[in-house]
Every structure is written in structure tokens, then in C-alpha cells.
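K.L.:
To be precise about what I am sending: the file is called run.txt and holds compact mmCIF, C-alpha atoms and all ligand atoms.
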```txt
# COMPACT_ATOMS: atom_id res chain seq x y z
CA MET A 1 32.38 -17.29 35.43
CA ASN A 2 35.18 -19.52 34.21
CA GLY A 3 34.90 -19.13 30.47
CA GLN A 4 33.11 -22.43 29.94
CA PRO A 5 30.81 -22.58 26.93
CA SER A 6 27.41 -21.55 28.28
CA ARG A 7 24.99 -24.33 29.03
CA PRO A 8 21.23 -23.73 28.99
CA SER A 9 19.42 -23.77 32.35
CA LEU A 10 16.93 -26.25 30.96
CA LYS A 11 17.68 -29.39 29.02
CA TRP A 12 16.26 -29.76 25.53
CA SER A 13 16.91 -26.12 24.72
CA MET A 14 18.45 -24.79 21.54
CA ARG A 15 20.48 -21.64 21.36
CA MET A 16 18.94 -19.05 19.06
CA GLY A 17 21.53 -16.31 19.50
CA SER A 18 22.10 -13.68 22.11
CA LEU A 19 20.69 -10.30 23.08
CA ALA A 20 22.82 -7.74 24.93
CA GLY A 21 25.30 -10.54 25.65
CA ILE A 22 22.67 -12.86 27.16
CA PRO A 23 22.19 -16.21 25.39
CA VAL A 24 18.61 -16.81 24.27
CA TYR A 25 17.42 -20.42 24.16
CA ILE A 26 14.25 -21.90 22.81
CA HIS A 27 12.87 -25.01 24.48
CA ALA A 28 11.97 -27.98 22.28
CA THR A 29 8.36 -27.87 23.50
CA PHE A 30 8.09 -24.37 22.03
CA LEU A 31 8.69 -25.83 18.56
CA ILE A 32 5.87 -28.29 19.21
CA LEU A 33 3.63 -25.30 19.98
CA LEU A 34 4.61 -23.71 16.64
CA ILE A 35 3.88 -26.92 14.74
CA TRP A 36 0.57 -27.26 16.53
CA ILE A 37 -0.39 -23.65 15.64
CA ALA A 38 0.61 -24.21 12.01
CA LEU A 39 -1.40 -27.44 11.80
CA SER A 40 -4.50 -25.98 13.40
CA TYR A 41 -4.42 -22.99 11.01
CA TRP A 42 -3.99 -25.38 8.10
CA ARG A 43 -6.96 -27.44 9.23
CA SER A 44 -9.30 -24.49 9.69
CA GLU A 45 -8.23 -22.30 6.75
CA GLN A 46 -6.56 -24.69 4.30
CA SER A 47 -4.23 -21.96 3.06
CA LEU A 48 -0.50 -21.45 3.34
CA GLY A 49 -1.07 -17.73 3.89
CA ALA A 50 -3.11 -18.41 7.04
CA VAL A 51 -0.45 -20.79 8.36
CA ILE A 52 2.32 -18.22 7.85
CA HIS A 53 0.15 -15.52 9.40
CA GLY A 54 -0.49 -17.70 12.48
CA VAL A 55 3.16 -18.64 12.97
CA VAL A 56 4.42 -15.06 12.44
CA PHE A 57 1.87 -13.83 14.97
CA ILE A 58 3.04 -16.31 17.63
CA LEU A 59 6.68 -15.45 16.92
CA ALA A 60 5.91 -11.72 17.25
CA LEU A 61 4.08 -12.37 20.51
CA PHE A 62 6.98 -14.37 21.90
CA GLY A 63 9.34 -11.64 20.69
CA CYS A 64 7.46 -9.37 23.11
CA VAL A 65 7.90 -12.01 25.83
CA VAL A 66 11.67 -12.07 25.20
CA LEU A 67 11.78 -8.28 25.46
CA HIS A 68 9.87 -8.55 28.75
CA GLU A 69 12.51 -10.92 30.13
CA LEU A 70 15.25 -8.70 28.74
CA GLY A 71 13.70 -5.87 30.77
CA HIS A 72 14.24 -7.90 33.97
CA ALA A 73 17.75 -8.94 32.90
CA LEU A 74 19.03 -5.50 31.95
CA THR A 75 17.62 -3.89 35.10
CA ALA A 76 19.27 -6.62 37.19
CA ARG A 77 22.52 -5.98 35.35
CA ARG A 78 22.42 -2.35 36.54
CA PHE A 79 22.56 -3.74 40.08
CA GLY A 80 25.48 -6.02 39.23
CA ILE A 81 23.44 -9.22 38.85
CA ARG A 82 24.09 -11.31 35.78
CA THR A 83 21.57 -13.35 33.83
CA ARG A 84 22.71 -16.78 32.72
CA ASP A 85 20.20 -17.07 29.90
CA ILE A 86 16.70 -16.41 28.69
CA THR A 87 14.66 -19.47 27.68
CA LEU A 88 11.42 -19.45 25.74
CA LEU A 89 8.80 -21.97 26.87
CA PRO A 90 5.28 -22.41 25.53
CA ILE A 91 3.94 -20.84 28.75
CA GLY A 92 6.18 -17.78 28.46
CA GLY A 93 9.74 -16.68 29.02
CA LEU A 94 12.18 -17.45 31.76
CA ALA A 95 15.16 -15.25 32.61
CA SER A 96 17.61 -17.13 34.85
CA LEU A 97 18.98 -14.39 37.03
CA GLU A 98 21.92 -15.46 39.18
CA LYS A 99 19.95 -14.21 42.16
CA MET A 100 17.39 -11.58 43.07
CA PRO A 101 18.73 -8.34 44.56
CA ASP A 102 18.92 -8.36 48.36
CA ASP A 103 17.81 -4.75 48.55
CA PRO A 104 13.98 -4.71 48.32
CA LYS A 105 13.98 -1.41 46.41
CA GLU A 106 16.18 -2.94 43.72
CA GLU A 107 14.01 -6.06 43.63
CA ILE A 108 10.94 -3.88 43.02
CA LEU A 109 12.63 -2.20 40.05
CA VAL A 110 13.82 -5.53 38.57
CA ALA A 111 10.32 -7.04 38.92
CA LEU A 112 8.55 -4.00 37.45
CA ALA A 113 10.90 -3.73 34.47
CA GLY A 114 9.28 -6.70 32.67
CA PRO A 115 5.69 -5.47 32.66
CA ALA A 116 6.97 -1.94 31.93
CA VAL A 117 8.43 -3.23 28.65
CA ASN A 118 5.02 -4.63 27.61
CA ILE A 119 3.34 -1.31 28.44
CA LEU A 120 5.98 0.47 26.37
CA ILE A 121 5.41 -1.86 23.40
CA ALA A 122 1.63 -1.34 23.72
CA ALA A 123 2.14 2.44 23.82
CA VAL A 124 4.30 2.38 20.68
CA LEU A 125 1.73 0.21 18.85
CA TRP A 126 -1.07 2.48 20.02
CA LEU A 127 0.76 5.55 18.70
CA TRP A 128 1.50 3.83 15.39
CA LEU A 129 -2.09 2.63 14.92
CA ASN A 130 -3.39 6.09 15.77
CA LEU A 131 -1.11 7.69 13.21
CA GLN A 132 -2.43 5.18 10.64
CA GLY A 133 -6.00 5.94 11.71
CA ALA A 134 -6.42 2.21 12.40
CA MET A 135 -7.27 2.39 16.09
CA PRO A 136 -10.80 1.20 16.85
CA ALA A 137 -12.83 3.68 18.87
CA GLU A 138 -14.44 1.02 21.08
CA ALA A 139 -13.02 -0.77 24.09
CA VAL A 140 -9.70 -2.62 24.09
CA GLY A 141 -11.58 -5.90 23.69
CA ALA A 142 -12.39 -4.91 20.09
CA LEU A 143 -8.65 -5.05 19.36
CA LEU A 144 -8.65 -8.81 19.70
CA GLN A 145 -10.85 -9.07 16.62
CA GLY A 146 -8.58 -6.72 14.68
CA ASP A 147 -5.47 -7.30 12.59
CA MET A 148 -2.11 -8.53 13.84
CA LEU A 149 -0.83 -5.24 15.27
CA GLN A 150 -4.09 -4.56 17.07
CA GLN A 151 -4.03 -8.02 18.59
CA LEU A 152 -0.42 -7.55 19.66
CA LEU A 153 -1.35 -4.29 21.39
CA ALA A 154 -4.14 -5.99 23.34
CA LEU A 155 -1.99 -8.98 24.27
CA ASN A 156 0.86 -6.77 25.50
CA LEU A 157 -1.59 -4.99 27.80
CA PHE A 158 -2.80 -8.40 28.97
CA LEU A 159 0.81 -9.58 29.57
CA ALA A 160 1.54 -6.47 31.65
CA LEU A 161 -1.60 -6.83 33.78
CA PHE A 162 -1.30 -10.61 34.15
CA ASN A 163 2.30 -10.34 35.32
CA LEU A 164 1.36 -7.66 37.83
CA LEU A 165 -1.05 -9.99 39.67
CA PRO A 166 0.11 -9.79 43.31
CA ALA A 167 1.03 -13.46 43.53
CA PHE A 168 4.08 -15.66 42.97
CA PRO A 169 5.39 -16.65 40.48
CA MET A 170 4.18 -13.47 38.78
CA ASP A 171 6.25 -10.29 38.87
CA GLY A 172 3.54 -8.68 41.00
CA GLY A 173 4.22 -11.29 43.69
CA ARG A 174 7.86 -10.20 43.84
CA VAL A 175 6.84 -6.55 44.09
CA LEU A 176 4.50 -7.46 46.95
CA ARG A 177 7.23 -9.44 48.74
CA ALA A 178 9.74 -6.61 48.31
CA VAL A 179 7.26 -4.04 49.65
CA LEU A 180 6.69 -6.27 52.69
CA ALA A 181 10.44 -6.81 53.05
CA LEU A 182 10.89 -3.08 53.55
CA ARG A 183 9.24 -3.61 56.97
CA MET A 184 10.14 -7.17 57.99
CA ASP A 185 12.83 -9.78 57.34
CA HIS A 186 13.00 -11.53 54.00
CA LEU A 187 11.70 -14.92 55.13
CA ARG A 188 8.63 -13.48 56.88
CA ALA A 189 7.97 -11.21 53.90
CA THR A 190 8.07 -14.24 51.58
CA ARG A 191 5.74 -16.24 53.83
CA SER A 192 3.25 -13.37 53.97
CA ALA A 193 3.44 -12.74 50.23
CA ALA A 194 2.94 -16.46 49.56
CA ALA A 195 -0.09 -16.54 51.89
CA ILE A 196 -1.60 -13.51 50.14
CA GLY A 197 -0.87 -15.17 46.80
CA GLN A 198 -2.67 -18.35 47.86
CA ALA A 199 -5.67 -16.42 49.19
CA PHE A 200 -5.75 -14.65 45.84
CA ALA A 201 -5.52 -17.99 44.02
CA LEU A 202 -8.49 -19.31 46.01
CA TRP A 203 -10.57 -16.29 45.09
CA LEU A 204 -9.49 -16.56 41.46
CA GLY A 205 -10.34 -20.26 41.43
CA LEU A 206 -13.81 -19.53 42.80
CA VAL A 207 -14.44 -16.85 40.14
CA GLY A 208 -13.09 -19.29 37.55
CA LEU A 209 -15.47 -21.99 38.71
CA LEU A 210 -18.40 -19.62 38.23
CA TYR A 211 -17.41 -17.79 35.06
CA ASN A 212 -14.36 -18.97 33.19
CA PRO A 213 -12.48 -22.27 33.42
CA PHE A 214 -9.30 -20.59 32.14
CA LEU A 215 -9.08 -18.65 35.43
CA LEU A 216 -9.11 -21.97 37.28
CA PHE A 217 -5.98 -22.95 35.42
CA ILE A 218 -4.26 -19.67 36.35
CA ALA A 219 -5.36 -20.11 39.98
CA LEU A 220 -3.69 -23.51 40.11
CA PHE A 221 -0.52 -22.06 38.56
CA VAL A 222 -0.46 -19.28 41.19
CA TRP A 223 -1.13 -21.70 44.06
CA ILE A 224 1.77 -23.97 43.08
CA GLY A 225 4.06 -21.00 42.41
CA ALA A 226 3.38 -19.54 45.86
CA MET A 227 4.16 -22.86 47.56
CA ALA A 228 7.37 -23.34 45.58
CA GLU A 229 8.60 -19.81 46.28
CA ALA A 230 7.89 -20.07 50.01
CA GLY A 231 9.61 -23.48 50.14
CA SER A 232 12.74 -22.37 48.33
CA GLU A 233 12.95 -19.28 50.55
CA GLU A 234 12.84 -21.49 53.69
CA VAL A 235 15.71 -23.56 52.29
CA LYS A 236 17.61 -20.41 51.36
CA SER A 237 17.33 -19.00 54.86
CA LEU A 238 18.45 -22.32 56.38
CA LEU A 239 21.40 -22.39 53.99
CA HIS A 240 22.26 -18.84 54.84
CA ASP A 241 22.24 -19.39 58.61
CA SER A 242 24.05 -22.75 58.74
CA THR A 243 27.73 -23.43 58.22
CA LEU A 244 29.60 -26.57 57.29
CA GLU A 245 30.63 -27.21 60.90
CA HIS A 246 27.74 -29.57 61.69
CA ALA A 247 27.49 -31.35 58.35
CA ILE A 248 31.14 -32.27 57.86
CA ILE A 249 31.99 -35.97 57.51
CA THR A 250 34.97 -37.03 59.60
CA HIS A 251 34.75 -40.83 59.36
CA PHE A 252 35.44 -42.04 55.86
CA ASP A 253 37.57 -44.45 53.89
CA THR A 254 40.34 -43.10 51.69
CA LEU A 255 42.52 -44.31 48.85
CA ALA A 256 46.11 -43.57 47.88
CA PRO A 257 46.98 -42.47 44.30
CA ASP A 258 48.86 -45.71 43.56
CA ASP A 259 46.21 -48.03 45.04
CA ALA A 260 44.66 -50.36 42.48
CA LEU A 261 40.99 -49.97 41.61
CA SER A 262 40.43 -53.36 43.27
CA ARG A 263 40.95 -51.63 46.62
CA ALA A 264 38.09 -49.25 45.78
CA ILE A 265 35.88 -52.22 44.89
CA GLN A 266 36.62 -53.78 48.24
CA LEU A 267 35.80 -50.56 50.13
CA THR A 268 32.62 -50.02 48.11
CA LEU A 269 31.34 -53.50 48.88
CA GLU A 270 32.28 -53.33 52.57
CA GLY A 271 30.55 -50.04 53.39
CA VAL A 272 28.01 -47.50 52.18
CA GLN A 273 30.49 -44.94 50.88
CA LYS A 274 30.38 -44.32 47.13
CA ASP A 275 33.00 -41.64 46.54
CA PHE A 276 36.51 -41.92 47.96
CA PRO A 277 38.91 -39.08 48.67
CA VAL A 278 42.40 -39.84 47.42
CA LEU A 279 44.99 -38.79 49.99
CA ASP A 280 48.67 -38.19 49.44
CA GLN A 281 50.65 -37.38 52.61
CA GLY A 282 47.54 -36.20 54.46
CA ASP A 283 46.26 -33.93 51.71
CA ILE A 284 43.40 -34.54 49.29
CA VAL A 285 44.73 -34.79 45.74
CA GLY A 286 41.59 -36.16 44.14
CA VAL A 287 38.29 -38.00 44.44
CA LEU A 288 37.40 -41.35 42.91
CA THR A 289 33.63 -41.31 42.37
CA GLN A 290 31.63 -44.43 41.66
CA GLU A 291 31.38 -43.43 37.99
CA ASP A 292 35.16 -43.02 37.84
CA LEU A 293 35.57 -46.50 39.32
CA LEU A 294 33.16 -48.11 36.83
CA ARG A 295 34.80 -46.33 33.91
CA GLY A 296 38.24 -47.48 35.05
CA LEU A 297 37.07 -51.08 35.45
CA GLN A 298 35.59 -51.07 31.96
CA GLU A 299 38.64 -49.54 30.31
CA GLN A 300 41.57 -51.12 32.16
CA GLY A 301 40.30 -53.59 34.74
CA ALA A 302 40.79 -53.86 38.50
CA LEU A 303 44.57 -53.46 38.48
CA ALA A 304 44.60 -49.93 37.04
CA PRO A 305 45.90 -47.30 39.49
CA VAL A 306 43.40 -44.96 41.19
CA ALA A 307 45.42 -41.95 40.03
CA SER A 308 44.51 -42.56 36.36
CA TYR A 309 40.78 -42.27 36.94
CA MET A 310 40.25 -39.89 39.87
CA HIS A 311 38.89 -36.34 39.59
CA THR A 312 41.58 -33.81 40.47
CA GLY A 313 41.39 -30.16 41.48
CA ILE A 314 38.91 -30.80 44.29
CA PRO A 315 37.55 -27.48 45.62
CA ARG A 316 38.17 -26.62 49.26
CA ALA A 317 35.94 -24.91 51.77
CA GLU A 318 36.62 -23.64 55.27
CA VAL A 319 34.39 -25.03 58.06
CA ASN A 320 32.85 -21.63 58.78
CA GLU A 321 31.69 -20.91 55.24
CA PRO A 322 27.93 -20.65 54.71
CA LEU A 323 26.27 -23.75 53.21
CA GLU A 324 24.78 -21.62 50.45
CA LYS A 325 28.20 -21.03 48.91
CA VAL A 326 29.41 -24.60 49.46
CA MET A 327 26.33 -26.08 47.85
CA LYS A 328 26.81 -23.96 44.75
CA GLU A 329 30.41 -25.11 44.45
CA LEU A 330 29.35 -28.75 44.81
CA GLN A 331 26.81 -28.30 42.03
CA ASP A 332 29.35 -26.70 39.72
CA CYS A 333 32.33 -29.01 40.27
CA ASP A 334 30.78 -32.39 39.35
CA CYS A 335 33.14 -34.09 41.83
CA HIS A 336 30.54 -35.15 44.50
CA ILE A 337 32.89 -34.21 47.35
CA LEU A 338 34.45 -31.04 48.69
CA ALA A 339 37.50 -31.01 50.95
CA VAL A 340 36.72 -29.18 54.19
CA THR A 341 39.58 -27.41 55.92
CA ARG A 342 39.98 -25.83 59.34
CA GLU A 343 42.52 -23.02 59.26
CA GLY A 344 43.90 -24.47 56.04
CA ARG A 345 44.29 -28.06 57.28
CA LEU A 346 42.10 -30.94 56.13
CA ALA A 347 39.30 -31.53 58.65
CA GLY A 348 36.96 -33.76 56.67
CA ILE A 349 34.83 -33.96 53.56
CA ILE A 350 31.32 -32.92 52.62
CA ASN A 351 28.88 -34.15 50.00
CA MET A 352 25.42 -33.13 48.88
CA GLU A 353 23.60 -35.92 50.72
CA ASN A 354 25.04 -34.76 54.02
CA ILE A 355 24.11 -31.16 53.43
CA LEU A 356 20.54 -32.16 52.60
CA GLU A 357 20.45 -34.35 55.71
CA LEU A 358 21.57 -31.41 57.85
CA LEU A 359 18.91 -29.19 56.28
CA ARG A 360 16.17 -31.72 57.00
CA ILE A 361 17.29 -31.99 60.62
CA GLU A 362 17.49 -28.23 61.10
CA ALA A 363 14.09 -27.73 59.47
CA ALA A 364 12.62 -30.34 61.83
CA LEU A 365 14.24 -28.67 64.85
CA LYS A 366 12.88 -25.24 63.86
CA LYS A 367 9.34 -26.60 63.83
ZN ZN B 401 8.34 -10.91 34.29
```
I'd like the structure from this file rewritten - as C-alpha cells, please.

P.N.:
Amino acid sequence: MNGQPSRPSLKWSMRMGSLAGIPVYIHATFLILLIWIALSYWRSEQSLGAVIHGVVFILALFGCVVLHELGHALTARRFGIRTRDITLLPIGGLASLEKMPDDPKEEILVALAGPAVNILIAAVLWLWLNLQGAMPAEAVGALLQGDMLQQLLALNLFLALFNLLPAFPMDGGRVLRAVLALRMDHLRATRSAAAIGQAFALWLGLVGLLYNPFLLFIALFVWIGAMAEAGSEEVKSLLHDSTLEHAIITHFDTLAPDDALSRAIQLTLEGVQKDFPVLDQGDIVGVLTQEDLLRGLQEQGALAPVASYMHTGIPRAEVNEPLEKVMKELQDCDCHILAVTREGRLAGIINMENILELLRIEAALKK
């Protein structure tokens, strides 16, 4: 948004390049997976050829996963939603969309685009193998014993079907939620979709217990995903409906730009406040956070002026702005505090702790 060098959504990620203008990162744990695959091939086959074959196969498979995520990202882009990055994890890909579309019909298309890519890849492989006369006549299961392209075909079909399971965090869960949201409000749709997802997870877990332990693992994954999605949707709806008005802090200590850092030490020790707005003629010109204070003390000692170490360019928010927007600004600015104005004049400050406090109180009141 502001021309900063792009940062990955997850720490420990390395940039591999970009596709259609979207940075693609690979998480460090993915490299561990590659090393593990290489080692296990080396142990069982003792040949470099087998190791290369194994690693190339995993890379090809994850190439398909990246294309799946790119399907989501490019469809979202058509609806004006940007994707910050795509990150590859050992469990699959992750496209960090700025948000999901508010229109359920658009959300359905964005969610379906991923699995559609895998079906497309499978179709192309199927056509190619048929032209080569290398397509086994038996069931799809036989593909898994075949060569690399046959295995890729089968796994792409599996990826499409797996992602279409009607449960969060799978794409199918989003489709289900969006279909429900065509008839009810977003929060209720999410709650219902999460409940259906958890019922599904229970059933899957039971089948897994009887037949295949791997299903048990998926069931757990679905159960946790459903809970997380429902939880974050509750928070989102609270954030959407509340404004700053009730969370704003009006009693706080302040500093002046030419105060010495010793004054900040005194205020810190006397009270519970950690970050101090710096006021000049009634207007906020900066914030001295606790880190700023410690850095100043280390570099120049207690007599250094506050102005040399404070954060400047503190963002402002009007009291009637939705918390959703304010919270995002607080996360982006790294200054701990936002100046809150009423009709342009300073009315107080806000920090993340206070917003979270307000959310907890409102959640308790709603129950
Ligand atoms: Zn997907």
C-alpha cells in the first residue's frame, strides 16, 4: 500500500520469486520436508536417481499447490481484492488475501477457483497420458502405482476433492458458508457452517477410528479450523459494529518534546502507563514507547530530550470510525498508540490493549 518492501505473512519464510505480481514465499519447514524426502529415498533406494526423482516429484506436486492458490488469488483480484503473498508450507499452500469478498456470490467463485485449477491440471494430464497411450484402463487408484505424471494426475484429483470437503478451513467450507450467507447474515452463516463442519469432523473421526487413522488426523484439522473460523468471525462482527467511542482513553500522562527522558522514567515508575503521547501546544506530535525510552537511556542517558527518541507521524482516527479499521492501522504503524480526534480536535488516545478489553466486555455482554 505504501511502497514498503513486502514482508512475508509468516516468519521464517524465504522469497522464491513472484507470480502475476504476487510474491511467493517458501517456509523454512518446507525445506525440512524436502531434506526428509531426500533422506528417506536415499535410505530405501541408495541411489542418487531415486533421491532426485523423489524431490522433483514433491516440487511438482507443490507447484500444483501454488497454482491452486494462484487460482484463488487471481479470482479475488478480479473482484478488486489483493493478495499479499502466497506461502508454501509442508501441509499445503496459503494465499494471504487482504480479505474475503463481502458478496457471497464472489466468495463462492474465489473459493471454487482453487480446486478448479487442480481439476484443470488433472484434465490436461489425462489428455496427455491418453495421447501417449499411457493411461491405465483400471480405476484411478491404479494411477498411484504408476509413473510420476500418473501419480500427479491422481493427487490433483485428490487435492480438488479434499479441498471441496464442506468444512472450514477447506475451500468447500467457504462455499458452504457463502451459500448460507445468501439467505442469512454473515455471522449466522459462519456459525452454521462451522457447526456443520464440526459435525462432519465427528463423522470423519469415527470413520477414521474404524478404518484409517489418517482420516482421524484430517478430522482434527477440520475441527480446529471450524472453531478458529467461527471465533475470528465473532471478533470481526464485534469489530465491525463497535466504534472507538467507548474504548478511548482520556486519562493519561503526557510528555513535552523538550522534556528529559528522566521525566518518562518517573512517569513509568509512578503508574501503569507504558507509552506516552508527546504533546506540543495541545496537539500530539509523537509517542515515546517503552522501547524508545530504553533505547534512549542506553544511547544517551536520562538527560536526552524526548524529541530525539519519540515516534513521529502518529496516525489519527475519528471517534466514530469502526474498530476494524483502527485496529489495522495500529498493527501497521508500530507506534502502540493512535491519536483519537473528535471533529478534528484531540479527544484522547487508543491502544491495542484497550481495544481488546472493549471486545472482551462486549462479547461478555452479548452472551
Ligand atoms: Zn484452496

K.L.:
Of the candidates A:Leu149, A:Leu159, A:Ala76, A:Ala122, which one gets nearest to ligand ZN 401 (chain B) if we count all atoms listed in the file?

P.N.:
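Result for the nearest residue to ligand ZN 401 (chain B): A:Leu159.
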
K.L.:
Please, which residues have at least one atom within 7 Å of an atom of ligand ZN 401 (chain B), using only C-alpha atoms and all ligand atoms, listed as a list in words?

P.N.:
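The residues within 7 Å of ligand ZN 401 (chain B), counting only C-alpha atoms and all ligand atoms, are His68, Glu69, His72, Ala111, Gly114, Pro115, Asn163, Met170 and Asp171 of chain A.
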
K.L.:
Return the single residue from A:Val326, A:Ile35, A:Glu291, A:Ala247 that is closest to Ile361 in chain A, with distances computed using all atoms listed in the file.

P.N.:
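So, comparing all the options, the nearest one is A:Ala247.
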
K.L.:
Can you work out the spacing between CA of Ala201 in chain A and CA of Ile108 in chain A in Å, to one decimal?

P.N.:
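Between these atoms lies a distance of 21.7 Å.
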
K.L.:
Is there a way to get, as a VMD selection string, all residues within 12 Å of the point (-0.9, -7.2, 21.6) in file coordinates, counting all atoms listed in the file?

P.N.:
chain A and resid 57 to 58 60 to 65 118 to 126 129 140 to 160

K.L.:
In terms of the shortest atom-to-atom distance over all atoms listed in the file, which of A:Leu323, A:Val306, A:Leu131, A:Ala189 is closest to His240 in chain A?

P.N.:
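Result for the nearest residue to His240 in chain A: A:Leu323.
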
K.L.:
Of the candidates A:Phe217, A:Met227, A:Gly80, A:Asn320, which shows the shortest atom-to-atom distance to Ala195 in chain A, using all atoms listed in the file?

P.N.:
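With all atoms listed in the file as the atom set, the closest residue is A:Met227.
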
K.L.:
For Trp223 in chain A, which residue among A:Leu255, A:Ala194, A:Leu303, A:Ile32 is the nearest when counting all atoms listed in the file?

P.N.:
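Between A:Leu255, A:Ala194, A:Leu303, A:Ile32, the residue approaching Trp223 in chain A most closely is A:Ala194.
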
K.L.:
Counting all atoms listed in the file, which of A:Leu187, A:Leu89, A:Trp203, A:Thr268 gets nearest to Ser232 in chain A?

P.N.:
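Residue with the minimum atom-to-atom distance to Ser232 in chain A: A:Leu187.
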
K.L.:
Using Å and a single decimal, report how far CA of Asp283 in chain A sits from CA of Pro315 in chain A.

P.N.:
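That distance, rounded to one decimal, is 12.4 Å.
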
K.L.:
Hey, what's within 7 Å of Ala317 in chain A if we count all atoms listed in the file and toss same-chain stuff fewer than 4 positions away? As a PyMOL selection string, please?

P.N.:
chain A and resi 321+326+339-341

K.L.:
Extract, using all atoms listed in the file, all DNA, RNA and protein residues at most 10 Å from Leu297 in chain A, discarding same-chain residues fewer than 6 positions from it, and format them as a list in words.

P.N.:
Leu261, Ser262, Ile265, Glu291, Leu303, Ala304 and Tyr309 of chain A

K.L.:
Pick out the residues sitting within 12 Å of Thr289 in chain A, and hand them over as JSON, numbers by chain; count only C-alpha atoms, and ignore anything fewer than 2 positions along from it in its own chain.

P.N.:
{"A": [254, 255, 261, 264, 265, 268, 273, 274, 275, 276, 277, 278, 286, 287, 291, 292, 293, 294, 295, 296, 306, 309, 310, 311, 312, 314, 334, 335, 336, 337, 351]}

K.L.:
Report, in Å to a single decimal, how far apart CA of Phe168 in chain A and CA of Gly205 in chain A are.

P.N.:
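Distance between the two atoms: 15.2 Å.
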
K.L.:
Residues proximal to (17.1, -31.4, 55.1) were defined as those with any atom within 12 Å of that point in the file's coordinates, counting all atoms listed in the file. Which are they, as a PDB file with C-alpha atoms, keeping the file's coordinate frame?

P.N.:
```
ATOM      1  CA  GLY A 231       9.610 -23.480  50.140  1.00  0.00           C
ATOM      2  CA  GLU A 234      12.840 -21.490  53.690  1.00  0.00           C
ATOM      3  CA  VAL A 235      15.710 -23.560  52.290  1.00  0.00           C
ATOM      4  CA  LYS A 236      17.610 -20.410  51.360  1.00  0.00           C
ATOM      5  CA  LEU A 238      18.450 -22.320  56.380  1.00  0.00           C
ATOM      6  CA  LEU A 239      21.400 -22.390  53.990  1.00  0.00           C
ATOM      7  CA  SER A 242      24.050 -22.750  58.740  1.00  0.00           C
ATOM      8  CA  ALA A 247      27.490 -31.350  58.350  1.00  0.00           C
ATOM      9  CA  MET A 352      25.420 -33.130  48.880  1.00  0.00           C
ATOM     10  CA  GLU A 353      23.600 -35.920  50.720  1.00  0.00           C
ATOM     11  CA  ASN A 354      25.040 -34.760  54.020  1.00  0.00           C
ATOM     12  CA  ILE A 355      24.110 -31.160  53.430  1.00  0.00           C
ATOM     13  CA  LEU A 356      20.540 -32.160  52.600  1.00  0.00           C
ATOM     14  CA  GLU A 357      20.450 -34.350  55.710  1.00  0.00           C
ATOM     15  CA  LEU A 358      21.570 -31.410  57.850  1.00  0.00           C
ATOM     16  CA  LEU A 359      18.910 -29.190  56.280  1.00  0.00           C
ATOM     17  CA  ARG A 360      16.170 -31.720  57.000  1.00  0.00           C
ATOM     18  CA  ILE A 361      17.290 -31.990  60.620  1.00  0.00           C
ATOM     19  CA  GLU A 362      17.490 -28.230  61.100  1.00  0.00           C
ATOM     20  CA  ALA A 363      14.090 -27.730  59.470  1.00  0.00           C
ATOM     21  CA  ALA A 364      12.620 -30.340  61.830  1.00  0.00           C
ATOM     22  CA  LEU A 365      14.240 -28.670  64.850  1.00  0.00           C
ATOM     23  CA  LYS A 366      12.880 -25.240  63.860  1.00  0.00           C
TER      24      LYS A 366
END
```

K.L.:
Extract, using all atoms listed in the file, all DNA, RNA and protein residues at most 12 Å from Phe221 in chain A, discarding same-chain residues fewer than 2 positions from it, and format them as a PyMOL selection string.

P.N.:
chain A and resi 91+167-170+197-198+200-202+204-205+214-219+223-228

K.L.:
As AutoDock Vina command-line options, what would the box around range 166-183 of chain A look like: edges along x, y and z, 8 Å added on every side, centre and edge lengths in Å to one decimal?

P.N.:
```
--center_x 5.5 --center_y -9.9 --center_z 47.9 --size_x 26.8 --size_y 29.6 --size_z 34.2
```
